[in-house]
Amino acid sequence: MPDDLAARLAALEDRAAIADAIHAYCWHFDRNEPDAVADLFTQDARVDYGPDAPDLHGREAVRAAVRKGLAETFAATSHHVSNIRIRLDGDEATSTCLLYAWHRYRSGAPDGELWAQYHHRFVRTSDGWRIAGLVLKAAGMTHFHRARMHPIGRL
């Protein structure tokens, strides 16, 4: 029984750490902290924000893209995640969560809204759980700055 309890407690701690990383991504993005956003990723992370955006390969590419977007495209953002589902597999994990994101554009375009899902892949590192993969899939959008997004797969 004690071994089972220890394993269950470890799994709860892992789930909490992964959920904290998802929340930290949103928090730091909204506070215009691109370095803190990038530090949540592995050195070789892959990020796919949609078919009209180039895939990002590596932490430094994430840092550069987030820095550029926050400086040139977004005057303000507000990201809200819910329904976080995490599947643990040793030192790796996958997760999906729902996303509502509001964007105020520096261009003066109407504020954009996105209802979507984040699909994450995490790995445990010596620094804790880090995002190794992220795919953004959209359920709907209004005045969003991209015309096309990966669909969530619902007909």
# chains A, B, ... in the order shown; residues from 1 in each chain; ligands from 1
$ residues_around --residues "A:Val37" --least-positions-apart "4" --cutoff "10 Å" --atoms "only C-alpha atoms" --output "PyMOL selection string"
chain A and resi 21+24-33+41+59+62-63+66-67
$ write_last_selection --atoms "N, CA, C and O atoms" --output "CSV table (one decimal), in the first residue's frame"
chain,number,residue,atom,x,y,z
A,21,ALA,N,2.5,24.7,-15.6
A,21,ALA,CA,3.2,25.1,-16.8
A,21,ALA,C,2.3,25.7,-17.9
A,21,ALA,O,2.6,26.7,-18.5
A,24,ALA,N,1.2,29.0,-16.6
A,24,ALA,CA,2.4,29.9,-16.7
A,24,ALA,C,2.5,30.4,-18.1
A,24,ALA,O,2.8,31.6,-18.3
A,25,TYR,N,2.3,29.6,-19.1
A,25,TYR,CA,2.4,30.0,-20.5
A,25,TYR,C,1.5,31.2,-20.8
A,25,TYR,O,1.8,32.2,-21.3
A,26,CYS,N,0.2,31.0,-20.3
A,26,CYS,CA,-0.8,32.1,-20.5
A,26,CYS,C,-0.4,33.3,-19.7
A,26,CYS,O,-0.5,34.4,-20.3
A,27,TRP,N,0.0,33.1,-18.5
A,27,TRP,CA,0.3,34.3,-17.6
A,27,TRP,C,1.4,35.1,-18.2
A,27,TRP,O,1.3,36.3,-18.3
A,28,HIS,N,2.5,34.5,-18.6
A,28,HIS,CA,3.7,35.2,-19.1
A,28,HIS,C,3.4,35.8,-20.4
A,28,HIS,O,3.9,36.9,-20.7
A,29,PHE,N,2.6,35.1,-21.3
A,29,PHE,CA,2.3,35.7,-22.6
A,29,PHE,C,1.5,37.0,-22.4
A,29,PHE,O,1.8,38.0,-23.0
A,30,ASP,N,0.5,36.9,-21.5
A,30,ASP,CA,-0.4,38.1,-21.3
A,30,ASP,C,0.4,39.2,-20.6
A,30,ASP,O,0.0,40.4,-20.7
A,31,ARG,N,1.5,39.0,-19.9
A,31,ARG,CA,2.2,40.0,-19.2
A,31,ARG,C,3.4,40.5,-20.0
A,31,ARG,O,4.2,41.2,-19.6
A,32,ASN,N,3.5,40.0,-21.3
A,32,ASN,CA,4.5,40.5,-22.2
A,32,ASN,C,5.9,40.1,-21.7
A,32,ASN,O,6.8,40.9,-21.6
A,33,GLU,N,6.0,38.8,-21.4
A,33,GLU,CA,7.3,38.3,-20.9
A,33,GLU,C,7.8,37.1,-21.8
A,33,GLU,O,7.7,35.9,-21.4
A,41,PHE,N,9.7,25.9,-22.5
A,41,PHE,CA,9.9,24.9,-23.5
A,41,PHE,C,11.2,24.2,-23.4
A,41,PHE,O,12.2,24.7,-22.9
A,59,ARG,N,13.6,26.2,-28.6
A,59,ARG,CA,13.3,27.3,-27.6
A,59,ARG,C,13.6,28.7,-28.1
A,59,ARG,O,12.8,29.6,-27.9
A,62,VAL,N,10.9,29.9,-30.4
A,62,VAL,CA,9.8,30.3,-29.7
A,62,VAL,C,10.0,31.6,-29.1
A,62,VAL,O,9.1,32.5,-29.2
A,63,ARG,N,11.1,31.8,-28.5
A,63,ARG,CA,11.4,33.1,-27.8
A,63,ARG,C,11.3,34.3,-28.9
A,63,ARG,O,10.7,35.3,-28.6
A,66,VAL,N,7.6,34.8,-30.1
A,66,VAL,CA,6.7,35.4,-29.1
A,66,VAL,C,7.1,36.9,-28.9
A,66,VAL,O,6.3,37.8,-28.8
A,67,ARG,N,8.4,37.1,-28.8
A,67,ARG,CA,8.9,38.5,-28.7
A,67,ARG,C,8.4,39.4,-29.8
A,67,ARG,O,7.9,40.5,-29.6
$ residues_around --residues "A:Arg104" --least-positions-apart "2" --cutoff "10 Å" --atoms "only C-alpha atoms" --output "JSON, numbers by chain"
{"A": [73, 74, 75, 76, 77, 78, 102, 106, 107, 108, 109, 110, 111, 112, 113, 144]}
$ write_last_selection --atoms "all heavy atoms" --output "compact mmCIF listing (two decimals), in the first residue's frame"
# COMPACT_ATOMS: atom_id res chain seq x y z
N THR A 73 2.53 42.77 -33.09
CA THR A 73 1.15 42.41 -33.44
C THR A 73 0.16 42.69 -32.32
O THR A 73 -0.90 43.26 -32.56
CB THR A 73 1.08 40.92 -33.83
OG1 THR A 73 2.01 40.67 -34.90
CG2 THR A 73 -0.32 40.54 -34.29
N PHE A 74 0.50 42.30 -31.09
CA PHE A 74 -0.46 42.35 -30.00
C PHE A 74 -0.19 43.52 -29.06
O PHE A 74 0.88 43.62 -28.49
CB PHE A 74 -0.42 41.05 -29.19
CG PHE A 74 -0.59 39.83 -30.04
CD1 PHE A 74 0.42 38.89 -30.14
CD2 PHE A 74 -1.77 39.60 -30.74
CE1 PHE A 74 0.27 37.76 -30.91
CE2 PHE A 74 -1.92 38.48 -31.52
CZ PHE A 74 -0.90 37.55 -31.61
N ALA A 75 -1.20 44.37 -28.88
CA ALA A 75 -1.11 45.43 -27.88
C ALA A 75 -1.44 44.87 -26.50
O ALA A 75 -0.92 45.32 -25.49
CB ALA A 75 -2.07 46.57 -28.22
N ALA A 76 -2.31 43.86 -26.46
CA ALA A 76 -2.69 43.19 -25.22
C ALA A 76 -3.31 41.85 -25.58
O ALA A 76 -3.88 41.69 -26.67
CB ALA A 76 -3.68 44.03 -24.42
N THR A 77 -3.18 40.89 -24.66
CA THR A 77 -3.81 39.58 -24.83
C THR A 77 -4.34 39.11 -23.49
O THR A 77 -3.91 39.58 -22.44
CB THR A 77 -2.81 38.53 -25.36
OG1 THR A 77 -1.77 38.36 -24.40
CG2 THR A 77 -2.23 38.91 -26.71
N SER A 78 -5.29 38.18 -23.57
CA SER A 78 -5.80 37.55 -22.35
C SER A 78 -6.15 36.11 -22.70
O SER A 78 -7.07 35.85 -23.47
CB SER A 78 -7.02 38.31 -21.84
OG SER A 78 -7.47 37.79 -20.62
N TRP A 102 -8.30 36.36 -26.11
CA TRP A 102 -8.68 37.67 -26.62
C TRP A 102 -7.40 38.41 -27.00
O TRP A 102 -6.39 38.31 -26.30
CB TRP A 102 -9.45 38.43 -25.54
CG TRP A 102 -9.62 39.89 -25.81
CD1 TRP A 102 -10.62 40.49 -26.53
CD2 TRP A 102 -8.78 40.95 -25.35
NE1 TRP A 102 -10.45 41.85 -26.54
CE2 TRP A 102 -9.31 42.16 -25.82
CE3 TRP A 102 -7.61 40.99 -24.58
CZ2 TRP A 102 -8.74 43.39 -25.56
CZ3 TRP A 102 -7.02 42.21 -24.32
CH2 TRP A 102 -7.59 43.40 -24.80
N ARG A 106 -2.18 45.91 -32.35
CA ARG A 106 -1.49 47.20 -32.47
C ARG A 106 -1.94 47.96 -33.71
O ARG A 106 -1.90 49.18 -33.75
CB ARG A 106 0.02 47.00 -32.49
CG ARG A 106 0.56 46.49 -31.17
CD ARG A 106 2.08 46.43 -31.17
NE ARG A 106 2.56 45.88 -29.93
CZ ARG A 106 2.73 46.56 -28.80
NH1 ARG A 106 2.44 47.84 -28.78
NH2 ARG A 106 3.17 45.97 -27.72
N SER A 107 -2.40 47.24 -34.73
CA SER A 107 -2.83 47.86 -35.98
C SER A 107 -4.12 48.65 -35.85
O SER A 107 -4.47 49.42 -36.75
CB SER A 107 -3.03 46.78 -37.04
OG SER A 107 -4.16 45.97 -36.70
N GLY A 108 -4.85 48.44 -34.76
CA GLY A 108 -6.15 49.08 -34.61
C GLY A 108 -7.28 48.23 -35.17
O GLY A 108 -8.44 48.64 -35.13
N ALA A 109 -6.98 47.04 -35.71
CA ALA A 109 -8.02 46.13 -36.19
C ALA A 109 -8.95 45.77 -35.03
O ALA A 109 -8.55 45.88 -33.86
CB ALA A 109 -7.39 44.87 -36.77
N PRO A 110 -10.17 45.35 -35.33
CA PRO A 110 -11.07 44.93 -34.24
C PRO A 110 -10.43 43.84 -33.38
O PRO A 110 -9.66 43.02 -33.88
CB PRO A 110 -12.30 44.39 -34.98
CG PRO A 110 -12.25 45.02 -36.33
CD PRO A 110 -10.80 45.22 -36.64
N ASP A 111 -10.74 43.85 -32.10
CA ASP A 111 -10.21 42.84 -31.20
C ASP A 111 -10.55 41.45 -31.71
O ASP A 111 -11.68 41.20 -32.17
CB ASP A 111 -10.79 43.01 -29.80
CG ASP A 111 -10.31 44.28 -29.12
OD1 ASP A 111 -9.45 45.00 -29.69
OD2 ASP A 111 -10.79 44.56 -28.00
N GLY A 112 -9.59 40.54 -31.62
CA GLY A 112 -9.78 39.17 -32.09
C GLY A 112 -10.07 38.23 -30.93
O GLY A 112 -9.55 38.39 -29.82
N GLU A 113 -10.91 37.26 -31.20
CA GLU A 113 -11.24 36.23 -30.21
C GLU A 113 -11.02 34.87 -30.82
O GLU A 113 -11.28 34.66 -32.01
CB GLU A 113 -12.68 36.36 -29.74
CG GLU A 113 -12.96 37.64 -28.96
CD GLU A 113 -14.40 37.71 -28.54
OE1 GLU A 113 -15.24 38.07 -29.38
OE2 GLU A 113 -14.68 37.39 -27.36
N PHE A 144 -10.00 37.22 -35.79
CA PHE A 144 -8.68 36.71 -35.45
C PHE A 144 -7.71 37.06 -36.58
O PHE A 144 -8.11 37.19 -37.74
CB PHE A 144 -8.74 35.20 -35.22
CG PHE A 144 -7.56 34.62 -34.51
CD1 PHE A 144 -7.20 35.05 -33.26
CD2 PHE A 144 -6.80 33.64 -35.12
CE1 PHE A 144 -6.11 34.52 -32.60
CE2 PHE A 144 -5.71 33.09 -34.47
CZ PHE A 144 -5.36 33.54 -33.21
$ residues_around --residues "A:Asp20" --least-positions-apart "4" --cutoff "12 Å" --atoms "only C-alpha atoms" --output "tab-separated table (two decimals) with C-alpha atoms, in the first residue's frame"
chain	number	residue	atom	x	y	z
A	13	GLU	CA	2.49	16.29	-8.18
A	14	ASP	CA	3.31	15.69	-11.86
A	15	ARG	CA	-0.21	16.67	-12.94
A	16	ALA	CA	-0.06	19.83	-10.83
A	24	ALA	CA	2.37	29.93	-16.70
A	25	TYR	CA	2.43	30.02	-20.52
A	26	CYS	CA	-0.78	32.06	-20.53
A	27	TRP	CA	0.29	34.27	-17.61
A	28	HIS	CA	3.67	35.18	-19.07
A	40	LEU	CA	8.75	26.78	-20.40
A	81	VAL	CA	-7.54	27.73	-20.21
A	84	ILE	CA	-7.08	20.42	-18.69
A	86	ILE	CA	-3.27	15.15	-18.71
A	128	GLY	CA	10.97	20.12	-14.17
A	129	TRP	CA	8.26	19.51	-16.75
A	130	ARG	CA	8.81	21.42	-20.01
A	131	ILE	CA	6.73	21.75	-23.17
$ select_by_dssp --residues "stretch 5-151 of chain A" --states "strand (DSSP E)" --output "PyMOL selection string"
chain A and resi 41-48+56-57+74-89+92-105+112-125+128-142+150-151
$ closest_residue --among "A:Gly90, A:Tyr105, A:Lys137, A:Phe122" --to "A:Glu72" --atoms "only C-alpha atoms"
A:Tyr105
$ residues_around --residues "A:Ser82" --least-positions-apart "2" --cutoff "12 Å" --atoms "only C-alpha atoms" --output "PyMOL selection string"
chain A and resi 19+22-23+26+79-80+84-86+95-101+115-118
$ write_last_selection --atoms "C-alpha atoms" --output "PDB file, in the first residue's frame"
ATOM      1  CA  ALA A  19      -1.061  22.308 -15.195  1.00  0.00           C
ATOM      2  CA  ILE A  22       0.118  25.521 -18.972  1.00  0.00           C
ATOM      3  CA  HIS A  23      -1.099  28.358 -16.753  1.00  0.00           C
ATOM      4  CA  CYS A  26      -0.782  32.063 -20.535  1.00  0.00           C
ATOM      5  CA  HIS A  79      -5.552  33.743 -22.431  1.00  0.00           C
ATOM      6  CA  HIS A  80      -7.891  31.516 -20.400  1.00  0.00           C
ATOM      7  CA  ILE A  84      -7.082  20.418 -18.688  1.00  0.00           C
ATOM      8  CA  ARG A  85      -6.681  16.693 -19.369  1.00  0.00           C
ATOM      9  CA  ILE A  86      -3.275  15.149 -18.712  1.00  0.00           C
ATOM     10  CA  SER A  95      -2.335  17.119 -22.443  1.00  0.00           C
ATOM     11  CA  THR A  96      -5.221  18.908 -24.059  1.00  0.00           C
ATOM     12  CA  CYS A  97      -7.089  21.892 -22.743  1.00  0.00           C
ATOM     13  CA  LEU A  98      -9.664  24.355 -23.914  1.00  0.00           C
ATOM     14  CA  LEU A  99      -8.587  27.904 -24.681  1.00  0.00           C
ATOM     15  CA  TYR A 100     -10.338  31.222 -24.939  1.00  0.00           C
ATOM     16  CA  ALA A 101      -7.972  33.972 -26.094  1.00  0.00           C
ATOM     17  CA  TRP A 115     -11.999  29.504 -29.011  1.00  0.00           C
ATOM     18  CA  ALA A 116      -9.533  26.670 -29.327  1.00  0.00           C
ATOM     19  CA  GLN A 117      -7.576  23.777 -27.865  1.00  0.00           C
ATOM     20  CA  TYR A 118      -3.933  23.468 -26.897  1.00  0.00           C
TER      21      TYR A 118
END
$ closest_residue --among "A:Ala132, A:Val123, A:Ala93, A:Ala6" --to "A:Ala45" --atoms "only C-alpha atoms"
A:Ala132
$ decode --residues "stretch 45-81 of chain A" --atoms "N, CA, C and O atoms" --output "PDB file, in the first residue's frame"
ATOM      1  N   ALA A  45      11.965  21.978 -28.687  1.00  0.00           N
ATOM      2  CA  ALA A  45      10.500  21.994 -28.783  1.00  0.00           C
ATOM      3  C   ALA A  45      10.030  22.263 -30.211  1.00  0.00           C
ATOM      4  O   ALA A  45      10.715  22.927 -30.994  1.00  0.00           O
ATOM      5  N   ARG A  46       8.836  21.760 -30.512  1.00  0.00           N
ATOM      6  CA  ARG A  46       8.178  22.020 -31.798  1.00  0.00           C
ATOM      7  C   ARG A  46       6.833  22.669 -31.499  1.00  0.00           C
ATOM      8  O   ARG A  46       6.045  22.144 -30.725  1.00  0.00           O
ATOM      9  N   VAL A  47       6.571  23.803 -32.147  1.00  0.00           N
ATOM     10  CA  VAL A  47       5.325  24.532 -31.926  1.00  0.00           C
ATOM     11  C   VAL A  47       4.662  24.776 -33.272  1.00  0.00           C
ATOM     12  O   VAL A  47       5.291  25.267 -34.214  1.00  0.00           O
ATOM     13  N   ASP A  48       3.367  24.467 -33.340  1.00  0.00           N
ATOM     14  CA  ASP A  48       2.566  24.634 -34.545  1.00  0.00           C
ATOM     15  C   ASP A  48       1.349  25.469 -34.174  1.00  0.00           C
ATOM     16  O   ASP A  48       0.393  24.960 -33.594  1.00  0.00           O
ATOM     17  N   TYR A  49       1.409  26.768 -34.499  1.00  0.00           N
ATOM     18  CA  TYR A  49       0.302  27.676 -34.200  1.00  0.00           C
ATOM     19  C   TYR A  49      -0.748  27.712 -35.306  1.00  0.00           C
ATOM     20  O   TYR A  49      -1.699  28.468 -35.226  1.00  0.00           O
ATOM     21  N   GLY A  50      -0.582  26.926 -36.363  1.00  0.00           N
ATOM     22  CA  GLY A  50      -1.585  26.881 -37.414  1.00  0.00           C
ATOM     23  C   GLY A  50      -0.968  26.890 -38.793  1.00  0.00           C
ATOM     24  O   GLY A  50       0.224  27.176 -38.957  1.00  0.00           O
ATOM     25  N   PRO A  51      -1.782  26.570 -39.816  1.00  0.00           N
ATOM     26  CA  PRO A  51      -1.259  26.419 -41.173  1.00  0.00           C
ATOM     27  C   PRO A  51      -0.728  27.710 -41.797  1.00  0.00           C
ATOM     28  O   PRO A  51       0.055  27.647 -42.733  1.00  0.00           O
ATOM     29  N   ASP A  52      -1.135  28.859 -41.282  1.00  0.00           N
ATOM     30  CA  ASP A  52      -0.661  30.132 -41.847  1.00  0.00           C
ATOM     31  C   ASP A  52       0.500  30.724 -41.070  1.00  0.00           C
ATOM     32  O   ASP A  52       0.908  31.857 -41.323  1.00  0.00           O
ATOM     33  N   ALA A  53       1.046  29.962 -40.128  1.00  0.00           N
ATOM     34  CA  ALA A  53       2.200  30.407 -39.347  1.00  0.00           C
ATOM     35  C   ALA A  53       3.308  29.368 -39.510  1.00  0.00           C
ATOM     36  O   ALA A  53       3.024  28.171 -39.509  1.00  0.00           O
ATOM     37  N   PRO A  54       4.544  29.808 -39.632  1.00  0.00           N
ATOM     38  CA  PRO A  54       5.626  28.824 -39.754  1.00  0.00           C
ATOM     39  C   PRO A  54       5.789  28.040 -38.453  1.00  0.00           C
ATOM     40  O   PRO A  54       5.651  28.599 -37.367  1.00  0.00           O
ATOM     41  N   ASP A  55       6.062  26.738 -38.589  1.00  0.00           N
ATOM     42  CA  ASP A  55       6.347  25.936 -37.400  1.00  0.00           C
ATOM     43  C   ASP A  55       7.593  26.492 -36.720  1.00  0.00           C
ATOM     44  O   ASP A  55       8.531  26.951 -37.379  1.00  0.00           O
ATOM     45  N   LEU A  56       7.603  26.441 -35.416  1.00  0.00           N
ATOM     46  CA  LEU A  56       8.747  26.887 -34.633  1.00  0.00           C
ATOM     47  C   LEU A  56       9.499  25.662 -34.141  1.00  0.00           C
ATOM     48  O   LEU A  56       8.893  24.720 -33.633  1.00  0.00           O
ATOM     49  N   HIS A  57      10.822  25.692 -34.306  1.00  0.00           N
ATOM     50  CA  HIS A  57      11.668  24.565 -33.912  1.00  0.00           C
ATOM     51  C   HIS A  57      12.702  25.066 -32.916  1.00  0.00           C
ATOM     52  O   HIS A  57      13.610  25.809 -33.291  1.00  0.00           O
ATOM     53  N   GLY A  58      12.520  24.697 -31.657  1.00  0.00           N
ATOM     54  CA  GLY A  58      13.482  25.043 -30.625  1.00  0.00           C
ATOM     55  C   GLY A  58      13.051  26.215 -29.771  1.00  0.00           C
ATOM     56  O   GLY A  58      12.270  27.075 -30.181  1.00  0.00           O
ATOM     57  N   ARG A  59      13.586  26.228 -28.553  1.00  0.00           N
ATOM     58  CA  ARG A  59      13.262  27.266 -27.571  1.00  0.00           C
ATOM     59  C   ARG A  59      13.573  28.673 -28.094  1.00  0.00           C
ATOM     60  O   ARG A  59      12.809  29.608 -27.881  1.00  0.00           O
ATOM     61  N   GLU A  60      14.698  28.835 -28.777  1.00  0.00           N
ATOM     62  CA  GLU A  60      15.072  30.178 -29.246  1.00  0.00           C
ATOM     63  C   GLU A  60      14.129  30.669 -30.338  1.00  0.00           C
ATOM     64  O   GLU A  60      13.848  31.864 -30.418  1.00  0.00           O
ATOM     65  N   ALA A  61      13.617  29.766 -31.164  1.00  0.00           N
ATOM     66  CA  ALA A  61      12.628  30.156 -32.169  1.00  0.00           C
ATOM     67  C   ALA A  61      11.325  30.584 -31.498  1.00  0.00           C
ATOM     68  O   ALA A  61      10.677  31.540 -31.937  1.00  0.00           O
ATOM     69  N   VAL A  62      10.947  29.873 -30.437  1.00  0.00           N
ATOM     70  CA  VAL A  62       9.754  30.253 -29.673  1.00  0.00           C
ATOM     71  C   VAL A  62       9.965  31.638 -29.072  1.00  0.00           C
ATOM     72  O   VAL A  62       9.112  32.520 -29.189  1.00  0.00           O
ATOM     73  N   ARG A  63      11.127  31.848 -28.452  1.00  0.00           N
ATOM     74  CA  ARG A  63      11.438  33.146 -27.841  1.00  0.00           C
ATOM     75  C   ARG A  63      11.330  34.276 -28.875  1.00  0.00           C
ATOM     76  O   ARG A  63      10.684  35.297 -28.640  1.00  0.00           O
ATOM     77  N   ALA A  64      11.937  34.090 -30.033  1.00  0.00           N
ATOM     78  CA  ALA A  64      11.940  35.126 -31.072  1.00  0.00           C
ATOM     79  C   ALA A  64      10.528  35.396 -31.592  1.00  0.00           C
ATOM     80  O   ALA A  64      10.140  36.563 -31.780  1.00  0.00           O
ATOM     81  N   ALA A  65       9.763  34.345 -31.831  1.00  0.00           N
ATOM     82  CA  ALA A  65       8.410  34.515 -32.367  1.00  0.00           C
ATOM     83  C   ALA A  65       7.491  35.201 -31.367  1.00  0.00           C
ATOM     84  O   ALA A  65       6.714  36.097 -31.728  1.00  0.00           O
ATOM     85  N   VAL A  66       7.561  34.791 -30.098  1.00  0.00           N
ATOM     86  CA  VAL A  66       6.711  35.403 -29.069  1.00  0.00           C
ATOM     87  C   VAL A  66       7.130  36.859 -28.873  1.00  0.00           C
ATOM     88  O   VAL A  66       6.282  37.752 -28.800  1.00  0.00           O
ATOM     89  N   ARG A  67       8.419  37.122 -28.821  1.00  0.00           N
ATOM     90  CA  ARG A  67       8.899  38.502 -28.660  1.00  0.00           C
ATOM     91  C   ARG A  67       8.402  39.379 -29.813  1.00  0.00           C
ATOM     92  O   ARG A  67       7.896  40.477 -29.604  1.00  0.00           O
ATOM     93  N   LYS A  68       8.522  38.888 -31.038  1.00  0.00           N
ATOM     94  CA  LYS A  68       8.083  39.653 -32.211  1.00  0.00           C
ATOM     95  C   LYS A  68       6.565  39.879 -32.185  1.00  0.00           C
ATOM     96  O   LYS A  68       6.099  40.989 -32.421  1.00  0.00           O
ATOM     97  N   GLY A  69       5.807  38.825 -31.893  1.00  0.00           N
ATOM     98  CA  GLY A  69       4.352  38.961 -31.856  1.00  0.00           C
ATOM     99  C   GLY A  69       3.896  39.956 -30.808  1.00  0.00           C
ATOM    100  O   GLY A  69       3.015  40.789 -31.063  1.00  0.00           O
ATOM    101  N   LEU A  70       4.496  39.892 -29.627  1.00  0.00           N
ATOM    102  CA  LEU A  70       4.113  40.814 -28.556  1.00  0.00           C
ATOM    103  C   LEU A  70       4.542  42.245 -28.862  1.00  0.00           C
ATOM    104  O   LEU A  70       3.865  43.198 -28.485  1.00  0.00           O
ATOM    105  N   ALA A  71       5.633  42.421 -29.570  1.00  0.00           N
ATOM    106  CA  ALA A  71       6.123  43.763 -29.893  1.00  0.00           C
ATOM    107  C   ALA A  71       5.428  44.368 -31.103  1.00  0.00           C
ATOM    108  O   ALA A  71       5.192  45.581 -31.148  1.00  0.00           O
ATOM    109  N   GLU A  72       5.074  43.532 -32.086  1.00  0.00           N
ATOM    110  CA  GLU A  72       4.583  44.064 -33.359  1.00  0.00           C
ATOM    111  C   GLU A  72       3.099  43.829 -33.624  1.00  0.00           C
ATOM    112  O   GLU A  72       2.480  44.611 -34.343  1.00  0.00           O
ATOM    113  N   THR A  73       2.531  42.772 -33.092  1.00  0.00           N
ATOM    114  CA  THR A  73       1.152  42.411 -33.442  1.00  0.00           C
ATOM    115  C   THR A  73       0.163  42.689 -32.322  1.00  0.00           C
ATOM    116  O   THR A  73      -0.898  43.262 -32.565  1.00  0.00           O
ATOM    117  N   PHE A  74       0.503  42.301 -31.095  1.00  0.00           N
ATOM    118  CA  PHE A  74      -0.459  42.352 -29.999  1.00  0.00           C
ATOM    119  C   PHE A  74      -0.189  43.520 -29.061  1.00  0.00           C
ATOM    120  O   PHE A  74       0.881  43.625 -28.487  1.00  0.00           O
ATOM    121  N   ALA A  75      -1.197  44.371 -28.884  1.00  0.00           N
ATOM    122  CA  ALA A  75      -1.113  45.434 -27.878  1.00  0.00           C
ATOM    123  C   ALA A  75      -1.444  44.866 -26.500  1.00  0.00           C
ATOM    124  O   ALA A  75      -0.921  45.319 -25.486  1.00  0.00           O
ATOM    125  N   ALA A  76      -2.314  43.863 -26.464  1.00  0.00           N
ATOM    126  CA  ALA A  76      -2.692  43.193 -25.220  1.00  0.00           C
ATOM    127  C   ALA A  76      -3.312  41.849 -25.581  1.00  0.00           C
ATOM    128  O   ALA A  76      -3.881  41.688 -26.665  1.00  0.00           O
ATOM    129  N   THR A  77      -3.178  40.890 -24.662  1.00  0.00           N
ATOM    130  CA  THR A  77      -3.807  39.581 -24.831  1.00  0.00           C
ATOM    131  C   THR A  77      -4.343  39.108 -23.491  1.00  0.00           C
ATOM    132  O   THR A  77      -3.908  39.576 -22.437  1.00  0.00           O
ATOM    133  N   SER A  78      -5.286  38.177 -23.565  1.00  0.00           N
ATOM    134  CA  SER A  78      -5.802  37.551 -22.349  1.00  0.00           C
ATOM    135  C   SER A  78      -6.150  36.107 -22.699  1.00  0.00           C
ATOM    136  O   SER A  78      -7.074  35.854 -23.474  1.00  0.00           O
ATOM    137  N   HIS A  79      -5.380  35.163 -22.161  1.00  0.00           N
ATOM    138  CA  HIS A  79      -5.552  33.743 -22.431  1.00  0.00           C
ATOM    139  C   HIS A  79      -6.166  33.053 -21.215  1.00  0.00           C
ATOM    140  O   HIS A  79      -5.711  33.253 -20.098  1.00  0.00           O
ATOM    141  N   HIS A  80      -7.179  32.228 -21.467  1.00  0.00           N
ATOM    142  CA  HIS A  80      -7.891  31.516 -20.400  1.00  0.00           C
ATOM    143  C   HIS A  80      -7.987  30.050 -20.786  1.00  0.00           C
ATOM    144  O   HIS A  80      -8.513  29.726 -21.850  1.00  0.00           O
ATOM    145  N   VAL A  81      -7.481  29.156 -19.932  1.00  0.00           N
ATOM    146  CA  VAL A  81      -7.540  27.727 -20.209  1.00  0.00           C
ATOM    147  C   VAL A  81      -8.425  27.030 -19.184  1.00  0.00           C
ATOM    148  O   VAL A  81      -8.560  27.467 -18.039  1.00  0.00           O
TER     149      VAL A  81
END
